[in-house]
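Shown here: protein-v3.txt, compact mmCIF, C-alpha atoms.
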# COMPACT_ATOMS: atom_id res chain seq x y z
CA MET O 1 -7.23 13.86 26.28
CA PRO O 2 -6.71 10.75 24.21
CA GLY O 3 -9.61 8.45 23.48
CA LYS O 4 -10.13 5.38 25.62
CA THR O 5 -7.77 2.87 24.07
CA THR O 6 -8.50 -0.74 24.96
CA ARG O 7 -5.78 -3.35 24.58
CA ARG O 8 -7.22 -6.14 22.48
CA THR O 9 -6.02 -9.66 21.93
CA ALA O 10 -4.62 -10.45 18.52
CA GLN O 11 -7.43 -12.93 17.96
CA GLY O 12 -10.00 -10.16 18.35
CA LEU O 13 -8.26 -8.09 15.69
CA LEU O 14 -7.91 -10.71 12.97
CA PRO O 15 -10.07 -10.61 9.84
CA SER O 16 -12.12 -13.58 8.68
CA ALA O 17 -9.98 -16.35 7.21
CA ALA O 18 -11.70 -15.88 3.83
CA PRO O 19 -13.37 -12.76 2.42
CA VAL O 20 -16.93 -12.32 3.69
CA ARG O 21 -19.50 -12.91 0.96
CA PHE O 22 -23.27 -13.28 0.73
CA VAL O 23 -23.66 -13.77 -3.02
CA ALA O 24 -21.68 -15.97 -5.43
CA GLU O 25 -20.55 -14.89 -8.89
CA ASP O 26 -23.68 -16.35 -10.51
CA GLY O 27 -26.00 -14.43 -8.18
CA THR O 28 -26.93 -17.32 -5.91
CA ALA O 29 -26.84 -16.93 -2.16
CA VAL O 30 -23.97 -18.60 -0.30
CA ALA O 31 -23.80 -20.14 3.15
CA ARG O 32 -24.15 -17.77 6.07
CA PRO O 33 -20.94 -15.73 6.24
CA PRO O 34 -18.82 -15.55 9.40
CA GLY O 35 -18.87 -12.60 11.76
CA GLY O 36 -22.61 -12.42 12.35
CA TYR O 37 -23.16 -9.76 9.70
CA THR O 38 -26.74 -8.72 8.95
CA GLU O 39 -27.98 -8.83 5.37
CA PRO O 40 -29.08 -5.36 4.22
CA PRO O 41 -32.83 -4.86 3.64
CA ALA O 42 -34.21 -5.49 0.16
CA GLY O 43 -35.15 -1.85 -0.37
CA LEU O 44 -31.56 -0.75 0.21
CA LEU O 45 -30.29 -3.40 -2.19
CA ARG O 46 -32.66 -2.18 -4.90
CA GLU O 47 -31.45 1.38 -4.38
CA ALA O 48 -27.87 0.14 -4.51
CA TYR O 49 -28.59 -1.57 -7.81
CA ARG O 50 -30.04 1.60 -9.28
CA ARG O 51 -26.98 3.59 -8.22
CA MET O 52 -24.62 0.92 -9.54
CA VAL O 53 -26.29 1.08 -12.96
CA ALA O 54 -26.00 4.87 -12.90
CA GLY O 55 -22.41 4.66 -11.71
CA ARG O 56 -21.40 2.25 -14.46
CA ARG O 57 -22.95 4.51 -17.10
CA PHE O 58 -21.34 7.60 -15.57
CA ASP O 59 -17.97 5.85 -15.69
CA THR O 60 -18.24 4.91 -19.36
CA GLN O 61 -19.44 8.42 -20.20
CA ALA O 62 -16.54 10.03 -18.34
CA THR O 63 -14.12 7.75 -20.19
CA ALA O 64 -15.64 8.85 -23.50
CA LEU O 65 -15.38 12.51 -22.49
CA THR O 66 -11.68 12.01 -21.84
CA LYS O 67 -11.16 10.59 -25.33
CA GLN O 68 -13.00 13.63 -26.72
CA GLY O 69 -10.68 16.00 -24.88
CA ARG O 70 -13.35 17.22 -22.45
CA LEU O 71 -11.43 15.86 -19.47
CA ALA O 72 -7.69 16.04 -18.84
CA VAL O 73 -7.68 12.55 -17.31
CA TYR O 74 -10.14 10.03 -15.90
CA PRO O 75 -9.29 7.05 -13.66
CA SER O 76 -12.02 4.50 -14.33
CA SER O 77 -13.51 2.44 -11.50
CA ARG O 78 -15.38 0.00 -13.74
CA GLY O 79 -15.58 -3.27 -11.84
CA GLN O 80 -15.38 -1.56 -8.46
CA GLU O 81 -18.96 -0.24 -8.35
CA ALA O 82 -19.97 -2.45 -5.42
CA CYS O 83 -17.29 -0.81 -3.28
CA GLN O 84 -18.04 2.69 -4.52
CA VAL O 85 -21.81 2.53 -4.08
CA ALA O 86 -21.70 0.70 -0.76
CA GLY O 87 -19.23 3.28 0.53
CA ALA O 88 -21.69 6.04 -0.30
CA LEU O 89 -24.78 4.28 1.04
CA VAL O 90 -23.36 3.56 4.50
CA LEU O 91 -22.79 7.26 5.14
CA GLY O 92 -25.21 9.12 7.36
CA GLU O 93 -26.05 12.80 7.44
CA HIS O 94 -23.16 13.68 9.74
CA ASP O 95 -20.54 11.33 8.27
CA TRP O 96 -17.58 12.38 6.14
CA LEU O 97 -16.13 10.72 3.03
CA PHE O 98 -12.44 11.04 2.11
CA PRO O 99 -12.02 9.75 -1.48
CA THR O 100 -9.12 9.00 -3.80
CA TYR O 101 -8.86 10.10 -7.41
CA ARG O 102 -10.56 6.84 -8.52
CA ASP O 103 -13.71 7.31 -6.44
CA SER O 104 -15.81 9.54 -8.69
CA VAL O 105 -18.61 6.97 -8.78
CA ALA O 106 -18.75 7.04 -4.97
CA LEU O 107 -19.22 10.81 -5.09
CA VAL O 108 -21.99 10.54 -7.67
CA ALA O 109 -23.65 7.82 -5.57
CA ARG O 110 -23.36 10.14 -2.59
CA GLY O 111 -25.55 12.60 -4.51
CA LEU O 112 -23.01 15.14 -5.77
CA ASP O 113 -23.54 16.84 -9.11
CA PRO O 114 -21.63 14.78 -11.72
CA VAL O 115 -20.36 17.95 -13.41
CA GLN O 116 -18.93 19.16 -10.12
CA VAL O 117 -17.38 15.75 -9.51
CA LEU O 118 -15.52 16.00 -12.82
CA THR O 119 -14.40 19.60 -12.31
CA LEU O 120 -11.02 18.65 -10.84
CA LEU O 121 -10.39 16.07 -13.58
CA ARG O 122 -11.31 18.73 -16.13
CA GLY O 123 -8.26 20.68 -15.07
CA ASP O 124 -9.72 23.31 -12.75
CA TRP O 125 -7.88 24.49 -9.66
CA HIS O 126 -10.61 23.41 -7.24
CA CYS O 127 -12.60 20.24 -6.64
CA GLY O 128 -15.88 21.60 -7.98
CA TYR O 129 -17.96 21.29 -4.83
CA ASP O 130 -18.03 22.71 -1.31
CA PRO O 131 -16.53 20.00 0.94
CA ARG O 132 -18.16 21.38 4.09
CA ALA O 133 -21.61 21.48 2.52
CA VAL O 134 -21.54 17.89 1.26
CA ARG O 135 -19.13 16.48 3.88
CA VAL O 136 -16.90 15.05 1.16
CA ALA O 137 -13.22 15.95 1.08
CA PRO O 138 -11.65 16.90 -2.26
CA GLN O 139 -10.60 13.91 -4.32
CA CYS O 140 -6.99 13.15 -3.50
CA THR O 141 -4.38 12.45 -6.17
CA PRO O 142 -1.28 11.89 -3.96
CA LEU O 143 -1.36 8.34 -2.61
CA ALA O 144 -2.70 7.91 0.93
CA THR O 145 -2.41 11.52 2.09
CA GLN O 146 -6.21 11.57 2.47
CA VAL O 147 -6.15 8.87 5.15
CA LEU O 148 -4.18 11.15 7.46
CA HIS O 149 -6.70 13.91 6.81
CA ALA O 150 -9.51 11.44 7.50
CA ALA O 151 -7.98 10.38 10.80
CA GLY O 152 -7.61 14.03 11.76
CA MET O 153 -11.22 14.82 10.89
CA ALA O 154 -12.41 11.78 12.84
CA GLU O 155 -10.44 12.86 15.88
CA ALA O 156 -11.82 16.39 15.53
CA LEU O 157 -15.35 14.97 15.57
CA ARG O 158 -14.56 12.92 18.66
CA ARG O 159 -12.99 15.76 20.60
CA SER O 160 -15.73 18.21 19.74
CA GLY O 161 -18.47 15.74 20.58
CA GLU O 162 -20.04 16.13 17.16
CA PRO O 163 -21.98 13.19 15.75
CA GLY O 164 -20.75 11.21 12.80
CA ALA O 165 -17.84 9.11 11.65
CA VAL O 166 -15.42 9.13 8.71
CA LEU O 167 -14.96 6.71 5.82
CA ALA O 168 -11.51 6.87 4.24
CA LEU O 169 -11.13 5.25 0.83
CA VAL O 170 -7.69 4.04 -0.25
CA GLY O 171 -6.26 1.69 -2.86
CA ASP O 172 -3.89 -1.23 -2.38
CA GLY O 173 -1.02 0.95 -3.59
CA GLY O 174 -1.82 3.48 -0.88
CA THR O 175 -1.22 0.87 1.83
CA SER O 176 2.46 0.90 0.86
CA GLU O 177 2.73 4.57 1.80
CA GLY O 178 3.85 5.76 5.23
CA ASP O 179 0.81 8.01 5.56
CA PHE O 180 -1.44 4.94 5.67
CA HIS O 181 0.43 3.42 8.60
CA GLU O 182 0.65 6.68 10.50
CA ALA O 183 -3.09 7.19 10.10
CA LEU O 184 -3.89 3.70 11.42
CA ASN O 185 -1.62 4.14 14.40
CA PHE O 186 -3.00 7.58 15.27
CA ALA O 187 -6.63 6.50 14.94
CA ALA O 188 -6.04 3.39 17.04
CA VAL O 189 -4.31 5.24 19.88
CA PHE O 190 -7.01 7.91 20.06
CA ALA O 191 -9.93 5.59 19.25
CA SER O 192 -10.96 7.95 16.46
CA PRO O 193 -14.25 7.17 14.65
CA VAL O 194 -12.88 6.26 11.22
CA VAL O 195 -13.17 3.29 8.88
CA PHE O 196 -10.25 2.68 6.52
CA PHE O 197 -11.68 1.04 3.41
CA VAL O 198 -9.04 -0.50 1.13
CA GLN O 199 -10.20 -1.24 -2.40
CA ASN O 200 -7.65 -3.86 -3.35
CA ASN O 201 -7.96 -3.90 -7.15
CA LYS O 202 -4.72 -5.92 -7.46
CA TYR O 203 -2.54 -3.26 -9.12
CA ALA O 204 -0.85 -0.02 -8.11
CA ILE O 205 -0.74 1.26 -11.68
CA SER O 206 1.43 -1.56 -13.11
CA VAL O 207 2.75 -2.98 -9.82
CA PRO O 208 0.93 -6.21 -8.86
CA LEU O 209 -0.06 -6.87 -5.27
CA ALA O 210 2.61 -9.57 -4.85
CA ARG O 211 5.27 -6.89 -5.40
CA GLN O 212 3.71 -4.63 -2.77
CA SER O 213 3.08 -6.86 0.22
CA ALA O 214 3.79 -10.37 1.51
CA ALA O 215 0.96 -10.20 4.08
CA PRO O 216 -1.74 -12.92 3.88
CA SER O 217 -4.06 -10.09 2.87
CA LEU O 218 -3.95 -6.33 3.35
CA ALA O 219 -6.58 -6.62 6.09
CA TYR O 220 -3.90 -8.10 8.36
CA LYS O 221 -2.07 -4.78 8.38
CA GLY O 222 -4.48 -3.51 11.02
CA VAL O 223 -3.41 -6.10 13.62
CA GLY O 224 -0.05 -4.49 14.32
CA TYR O 225 -1.73 -1.20 15.21
CA GLY O 226 -4.51 -2.64 17.35
CA VAL O 227 -7.16 -1.99 14.70
CA PRO O 228 -9.90 -4.62 14.24
CA SER O 229 -9.90 -5.72 10.61
CA GLU O 230 -12.03 -7.54 8.08
CA GLN O 231 -11.80 -8.67 4.48
CA VAL O 232 -14.75 -8.87 2.11
CA ASP O 233 -15.54 -9.90 -1.44
CA GLY O 234 -15.46 -6.44 -3.00
CA ASN O 235 -17.58 -7.52 -5.98
CA ASP O 236 -20.43 -8.66 -3.70
CA LEU O 237 -22.46 -5.52 -2.99
CA VAL O 238 -24.50 -7.28 -0.32
CA ALA O 239 -21.41 -8.31 1.62
CA VAL O 240 -19.66 -4.93 1.27
CA LEU O 241 -22.75 -3.13 2.54
CA ALA O 242 -23.06 -5.50 5.50
CA VAL O 243 -19.41 -5.23 6.55
CA LEU O 244 -19.13 -1.46 6.09
CA THR O 245 -22.42 -0.85 7.91
CA ALA O 246 -21.13 -2.75 10.94
CA ALA O 247 -17.80 -0.91 10.86
CA MET O 248 -19.40 2.54 10.59
CA GLU O 249 -21.88 1.77 13.36
CA ARG O 250 -19.00 0.70 15.58
CA ALA O 251 -17.13 3.94 14.83
CA ARG O 252 -20.17 6.11 15.59
CA ALA O 253 -20.72 4.26 18.87
CA GLY O 254 -17.20 5.08 20.09
CA GLY O 255 -15.60 1.76 19.22
CA GLY O 256 -12.73 3.33 17.30
CA PRO O 257 -11.33 2.56 13.88
CA THR O 258 -11.75 -0.49 11.66
CA LEU O 259 -9.75 -1.60 8.64
CA VAL O 260 -11.76 -3.24 5.84
CA GLU O 261 -10.14 -4.72 2.75
CA ALA O 262 -12.32 -5.35 -0.30
CA HIS O 263 -11.02 -7.79 -2.89
CA THR O 264 -12.01 -6.35 -6.27
CA TYR O 265 -10.51 -5.63 -9.69
CA ARG O 266 -9.85 -2.65 -11.92
CA MET O 267 -11.29 -3.71 -15.28
CA ASP O 268 -9.93 -0.78 -17.28
CA ALA O 269 -6.47 0.69 -17.44
CA HIS O 270 -5.10 2.85 -14.63
CA THR O 271 -6.11 5.99 -16.58
CA ASN O 272 -6.53 6.91 -20.22
CA ALA O 273 -2.74 7.45 -20.30
CA ASP O 274 -2.00 3.83 -19.34
CA ASP O 275 -1.68 0.66 -21.44
CA ALA O 276 -2.70 -2.16 -19.10
CA THR O 277 -1.89 -4.84 -21.70
CA ARG O 278 1.78 -4.28 -20.96
CA TYR O 279 1.54 -5.73 -17.46
CA ARG O 280 -1.53 -8.02 -17.30
CA ASP O 281 -2.93 -10.56 -19.72
CA ALA O 282 -6.39 -10.84 -21.23
CA ALA O 283 -7.11 -14.14 -19.46
CA GLU O 284 -6.86 -12.46 -16.06
CA VAL O 285 -9.21 -9.67 -17.10
CA GLU O 286 -11.67 -12.19 -18.54
CA GLN O 287 -11.66 -14.19 -15.31
CA TRP O 288 -12.57 -11.11 -13.28
CA ALA O 289 -15.21 -10.12 -15.83
CA GLY O 290 -17.05 -13.23 -14.70
CA ALA O 291 -17.27 -11.75 -11.22
CA ASP O 292 -18.80 -8.47 -12.41
CA PRO O 293 -20.45 -6.82 -9.38
CA LEU O 294 -23.35 -5.28 -11.32
CA ALA O 295 -24.31 -8.48 -13.12
CA ARG O 296 -24.01 -10.40 -9.85
CA LEU O 297 -26.37 -8.12 -7.92
CA GLU O 298 -28.84 -7.96 -10.80
CA ALA O 299 -29.00 -11.76 -11.06
CA HIS O 300 -29.37 -12.06 -7.29
CA LEU O 301 -32.24 -9.61 -7.01
CA LEU O 302 -34.04 -10.97 -10.07
CA ALA O 303 -33.84 -14.51 -8.70
CA ARG O 304 -35.28 -13.38 -5.36
CA GLY O 305 -38.09 -11.45 -7.00
CA GLU O 306 -36.80 -8.19 -5.53
CA LEU O 307 -36.18 -6.81 -9.02
CA THR O 308 -38.19 -7.09 -12.23
CA ALA O 309 -37.27 -6.73 -15.89
CA ASP O 310 -39.14 -3.41 -15.88
CA ASP O 311 -37.02 -2.24 -12.95
CA VAL O 312 -33.87 -3.11 -14.88
CA GLU O 313 -34.99 -1.19 -17.96
CA ARG O 314 -36.07 1.77 -15.84
CA ALA O 315 -32.69 1.94 -14.11
CA ARG O 316 -30.88 1.80 -17.44
CA ALA O 317 -33.11 4.50 -18.94
CA GLU O 318 -32.47 6.78 -15.95
CA ALA O 319 -28.74 6.20 -16.32
CA GLU O 320 -28.87 7.08 -20.03
CA THR O 321 -30.74 10.29 -19.26
CA ALA O 322 -28.14 11.24 -16.67
CA ALA O 323 -25.34 10.49 -19.16
CA ALA O 324 -27.00 12.69 -21.78
CA ASP O 325 -27.34 15.51 -19.27
CA LEU O 326 -23.67 15.14 -18.39
CA ARG O 327 -22.64 15.27 -22.06
CA ALA O 328 -24.67 18.42 -22.60
CA ALA O 329 -23.21 20.11 -19.55
CA MET O 330 -19.66 19.19 -20.50
CA ASP O 331 -20.14 20.59 -24.01
CA THR O 332 -20.10 24.06 -22.49
CA GLU O 333 -16.58 25.40 -22.27
CA PRO O 334 -15.65 26.40 -18.71
CA VAL O 335 -15.00 30.08 -18.10
CA GLY O 336 -11.93 30.59 -15.99
CA ASP O 337 -10.13 33.64 -14.69
CA PRO O 338 -6.36 33.02 -14.61
CA LEU O 339 -6.01 35.55 -11.79
CA GLU O 340 -7.96 33.20 -9.50
CA LEU O 341 -4.72 31.23 -9.19
CA PHE O 342 -3.57 33.79 -6.64
CA ASP O 343 -6.80 34.26 -4.68
CA HIS O 344 -6.69 31.37 -2.22
CA VAL O 345 -3.01 30.60 -1.65
CA PHE O 346 -2.74 32.57 1.59
CA ALA O 347 -5.33 34.46 3.63
CA GLU O 348 -3.06 37.49 3.25
CA PRO O 349 -1.17 37.41 -0.09
CA THR O 350 2.60 37.69 0.18
CA PRO O 351 4.49 40.46 -1.63
CA GLN O 352 5.78 37.86 -4.11
CA LEU O 353 2.24 36.73 -4.92
CA ARG O 354 1.08 40.30 -5.39
CA GLU O 355 3.97 40.91 -7.76
CA GLN O 356 3.26 37.74 -9.75
CA ARG O 357 -0.43 38.58 -9.94
CA ALA O 358 0.33 42.04 -11.24
CA LEU O 359 2.68 40.67 -13.89
CA LEU O 360 0.05 38.18 -15.13
CA ALA O 361 -2.66 40.85 -15.10
CA ALA O 362 -0.45 43.09 -17.25
CA GLU O 363 0.21 40.25 -19.71
CA LEU O 364 -3.51 39.47 -20.01
CA THR O 365 -4.34 43.12 -20.56
CA ALA O 366 -1.70 43.34 -23.27
CA GLU O 367 -3.10 40.27 -25.04
CA GLU O 368 -6.62 41.70 -24.97
CA GLY O 369 -5.33 44.96 -26.41
Mind turning the file's structure into structure tokens?
Amino acid sequence: MPGKTTRRTAQGLLPSAAPVRFVAEDGTAVARPPGGYTEPPAGLLREAYRRMVAGRRFDTQATALTKQGRLAVYPSSRGQEACQVAGALVLGEHDWLFPTYRDSVALVARGLDPVQVLTLLRGDWHCGYDPRAVRVAPQCTPLATQVLHAAGMAEALRRSGEPGAVLALVGDGGTSEGDFHEALNFAAVFASPVVFFVQNNKYAISVPLARQSAAPSLAYKGVGYGVPSEQVDGNDLVAVLAVLTAAMERARAGGGPTLVEAHTYRMDAHTNADDATRYRDAAEVEQWAGADPLARLEAHLLARGELTADDVERARAEAETAAADLRAAMDTEPVGDPLELFDHVFAEPTPQLREQRALLAAELTAEEG
């Protein structure tokens, strides 16, 4: 049986006219945002800061590992830490996360082993962790296919009566894919407990947002499917936490899906194989550097007395220790068995797979001899 779909007025679906924000670029509090959102408690903000510092350091370390040849590729999320950390912190024990290839920091903030998080980007055939155990789907490289999987998982939770909701991460480029629209429509019709979280970092590789959509903002894409939507300053951790918390609580309570668009920016190139200077100028990057999410939260918490200089140094020291541990772990060459390529293709291997496996096994034996 489908979920209870309620016809809503267009007015009830529209996002706020301007992105929701609690904290300005200089760390000062702004006027009460629209929508009646509740400011997260100070303890949660301090924990978010600690994870943002760790996430930023993880990101720079992973970038360095790529340059050293330890990783095949690494898509940096520097500048998007507020979205990544908030996305992890709003998840409860029974919730699921469906990430993109750029969401490694979200996985680390979720508590996954950083080495396991980088396993896929290292070139292994699997994602490095057990998705069922951690309730995190494998990082998805094809654009937007994960949002369909997220909608399906959310509907499975609803039909089975299991607790929990799903957070689906997607980039602005992913909203141009058909999978994104199909997922929104499906989730809306069945009132599936899923939040679609768009990290609009302004570029789909080299394609600017203006070449992707003429909508007032990507948040408005939910209106046509009957999905309540919101837009938020994606570099304001306080605001992102507040908006996502409300959306996830609504999903868990049976209110159906929500579309949230976060306005943020990708500070580094698309990946280590990209030259971002070919399609964006330094002035644009410099402007967004002034809205750095980590510096903004740090200034905000220091000004409020919720964070001390000792806290800042402690967080940075912990992040350095974690980076050193990651370097040491990645210095060990992975041990792989080429025959594993055939082990999990089908539950019952086909004759062709058996033949191919035998041929490879013979070649490996000959090389060893």
Which range 208-256 of chain O residues have any atom within 12 Å of an atom of range 166-171 of chain O, and for each, what is the nearest pair of atoms with distance in Å to one decimal, counting only C-alpha atoms, rows sorted by chain and number, as a tab-separated table?
residue	atom	partner	partner_atom	distance
O:Leu209	CA	O:Gly171	CA	10.8
O:Gln212	CA	O:Gly171	CA	11.8
O:Leu218	CA	O:Gly171	CA	10.4
O:Leu244	CA	O:Leu167	CA	9.2
O:Thr245	CA	O:Leu167	CA	10.8
O:Ala247	CA	O:Leu167	CA	9.6
O:Met248	CA	O:Leu167	CA	7.7
O:Glu249	CA	O:Val166	CA	10.8
O:Arg250	CA	O:Val166	CA	11.4
O:Ala251	CA	O:Val166	CA	8.2
O:Arg252	CA	O:Val166	CA	8.9
O:Gly256	CA	O:Val166	CA	10.7
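A straight line drawn from CA of Val260 in chain O to CA of Ala239 in chain O is 11.7 Å long.
Pairwise distance (CA of Ala188 in chain O, CA of Asp103 in chain O) equals 25.0 Å.
Straight-line separation from CA of Arg50 in chain O to CA of Pro19 in chain O: 24.9 Å.
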Practice prompt. Find the spatial neighbours of Gln11 in chain O, counting all atoms listed in the file, within a cut-off of 12 Å - ignore same-chain residues fewer than 5 positions away - and output them as a list in words.
Written response: Ser16, Ala17, Tyr220, Val223, Gly224, Gly226, Val227, Pro228 and Ser229 of chain O
Fill in: Distance query Pro193 in chain O at most 12 Å, all atoms listed in the file, self and fewer than 5 positions along chain excluded, as a PyMOL selection string
chain O and resi 3-4+95-96+150-159+161-168+184+186-188+227+247-259
Incomplete range 177-196 of chain O filled out to N, CA and C atoms as a PDB file, keeping the file's coordinate frame:
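So the final result, stored in result19.pdb, reads:
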ATOM      1  N   GLU O 177       2.245   3.241   1.431  1.00  0.00           N
ATOM      2  CA  GLU O 177       2.730   4.570   1.800  1.00  0.00           C
ATOM      3  C   GLU O 177       2.772   4.743   3.313  1.00  0.00           C
ATOM      4  N   GLY O 178       3.730   5.527   3.787  1.00  0.00           N
ATOM      5  CA  GLY O 178       3.850   5.760   5.230  1.00  0.00           C
ATOM      6  C   GLY O 178       2.639   6.444   5.820  1.00  0.00           C
ATOM      7  N   ASP O 179       1.987   7.296   5.056  1.00  0.00           N
ATOM      8  CA  ASP O 179       0.810   8.010   5.560  1.00  0.00           C
ATOM      9  C   ASP O 179      -0.272   7.032   6.039  1.00  0.00           C
ATOM     10  N   PHE O 180      -0.433   5.939   5.315  1.00  0.00           N
ATOM     11  CA  PHE O 180      -1.440   4.940   5.670  1.00  0.00           C
ATOM     12  C   PHE O 180      -1.162   4.374   7.056  1.00  0.00           C
ATOM     13  N   HIS O 181       0.069   4.027   7.317  1.00  0.00           N
ATOM     14  CA  HIS O 181       0.430   3.420   8.600  1.00  0.00           C
ATOM     15  C   HIS O 181       0.348   4.426   9.737  1.00  0.00           C
ATOM     16  N   GLU O 182       0.755   5.650   9.479  1.00  0.00           N
ATOM     17  CA  GLU O 182       0.650   6.680  10.500  1.00  0.00           C
ATOM     18  C   GLU O 182      -0.806   6.953  10.858  1.00  0.00           C
ATOM     19  N   ALA O 183      -1.669   6.945   9.857  1.00  0.00           N
ATOM     20  CA  ALA O 183      -3.090   7.190  10.100  1.00  0.00           C
ATOM     21  C   ALA O 183      -3.701   6.076  10.949  1.00  0.00           C
ATOM     22  N   LEU O 184      -3.370   4.823  10.631  1.00  0.00           N
ATOM     23  CA  LEU O 184      -3.890   3.700  11.420  1.00  0.00           C
ATOM     24  C   LEU O 184      -3.428   3.782  12.868  1.00  0.00           C
ATOM     25  N   ASN O 185      -2.155   4.084  13.045  1.00  0.00           N
ATOM     26  CA  ASN O 185      -1.620   4.140  14.400  1.00  0.00           C
ATOM     27  C   ASN O 185      -2.267   5.264  15.205  1.00  0.00           C
ATOM     28  N   PHE O 186      -2.389   6.432  14.596  1.00  0.00           N
ATOM     29  CA  PHE O 186      -3.000   7.580  15.270  1.00  0.00           C
ATOM     30  C   PHE O 186      -4.437   7.268  15.654  1.00  0.00           C
ATOM     31  N   ALA O 187      -5.211   6.769  14.685  1.00  0.00           N
ATOM     32  CA  ALA O 187      -6.630   6.500  14.940  1.00  0.00           C
ATOM     33  C   ALA O 187      -6.808   5.437  16.007  1.00  0.00           C
ATOM     34  N   ALA O 188      -5.935   4.443  16.033  1.00  0.00           N
ATOM     35  CA  ALA O 188      -6.040   3.390  17.040  1.00  0.00           C
ATOM     36  C   ALA O 188      -5.750   3.915  18.442  1.00  0.00           C
ATOM     37  N   VAL O 189      -4.698   4.715  18.568  1.00  0.00           N
ATOM     38  CA  VAL O 189      -4.310   5.240  19.880  1.00  0.00           C
ATOM     39  C   VAL O 189      -5.395   6.151  20.451  1.00  0.00           C
ATOM     40  N   PHE O 190      -6.008   6.958  19.589  1.00  0.00           N
ATOM     41  CA  PHE O 190      -7.010   7.910  20.060  1.00  0.00           C
ATOM     42  C   PHE O 190      -8.441   7.405  19.914  1.00  0.00           C
ATOM     43  N   ALA O 191      -8.596   6.166  19.445  1.00  0.00           N
ATOM     44  CA  ALA O 191      -9.930   5.590  19.250  1.00  0.00           C
ATOM     45  C   ALA O 191     -10.815   6.513  18.406  1.00  0.00           C
ATOM     46  N   SER O 192     -10.250   7.012  17.327  1.00  0.00           N
ATOM     47  CA  SER O 192     -10.960   7.950  16.460  1.00  0.00           C
ATOM     48  C   SER O 192     -12.015   7.211  15.620  1.00  0.00           C
ATOM     49  N   PRO O 193     -13.161   7.835  15.383  1.00  0.00           N
ATOM     50  CA  PRO O 193     -14.250   7.170  14.650  1.00  0.00           C
ATOM     51  C   PRO O 193     -14.040   7.191  13.137  1.00  0.00           C
ATOM     52  N   VAL O 194     -13.203   6.297  12.638  1.00  0.00           N
ATOM     53  CA  VAL O 194     -12.880   6.260  11.220  1.00  0.00           C
ATOM     54  C   VAL O 194     -12.800   4.823  10.741  1.00  0.00           C
ATOM     55  N   VAL O 195     -13.285   4.596   9.526  1.00  0.00           N
ATOM     56  CA  VAL O 195     -13.170   3.290   8.880  1.00  0.00           C
ATOM     57  C   VAL O 195     -12.247   3.463   7.679  1.00  0.00           C
ATOM     58  N   PHE O 196     -11.181   2.675   7.642  1.00  0.00           N
ATOM     59  CA  PHE O 196     -10.250   2.680   6.520  1.00  0.00           C
ATOM     60  C   PHE O 196     -10.688   1.579   5.549  1.00  0.00           C
TER      61      PHE O 196
END
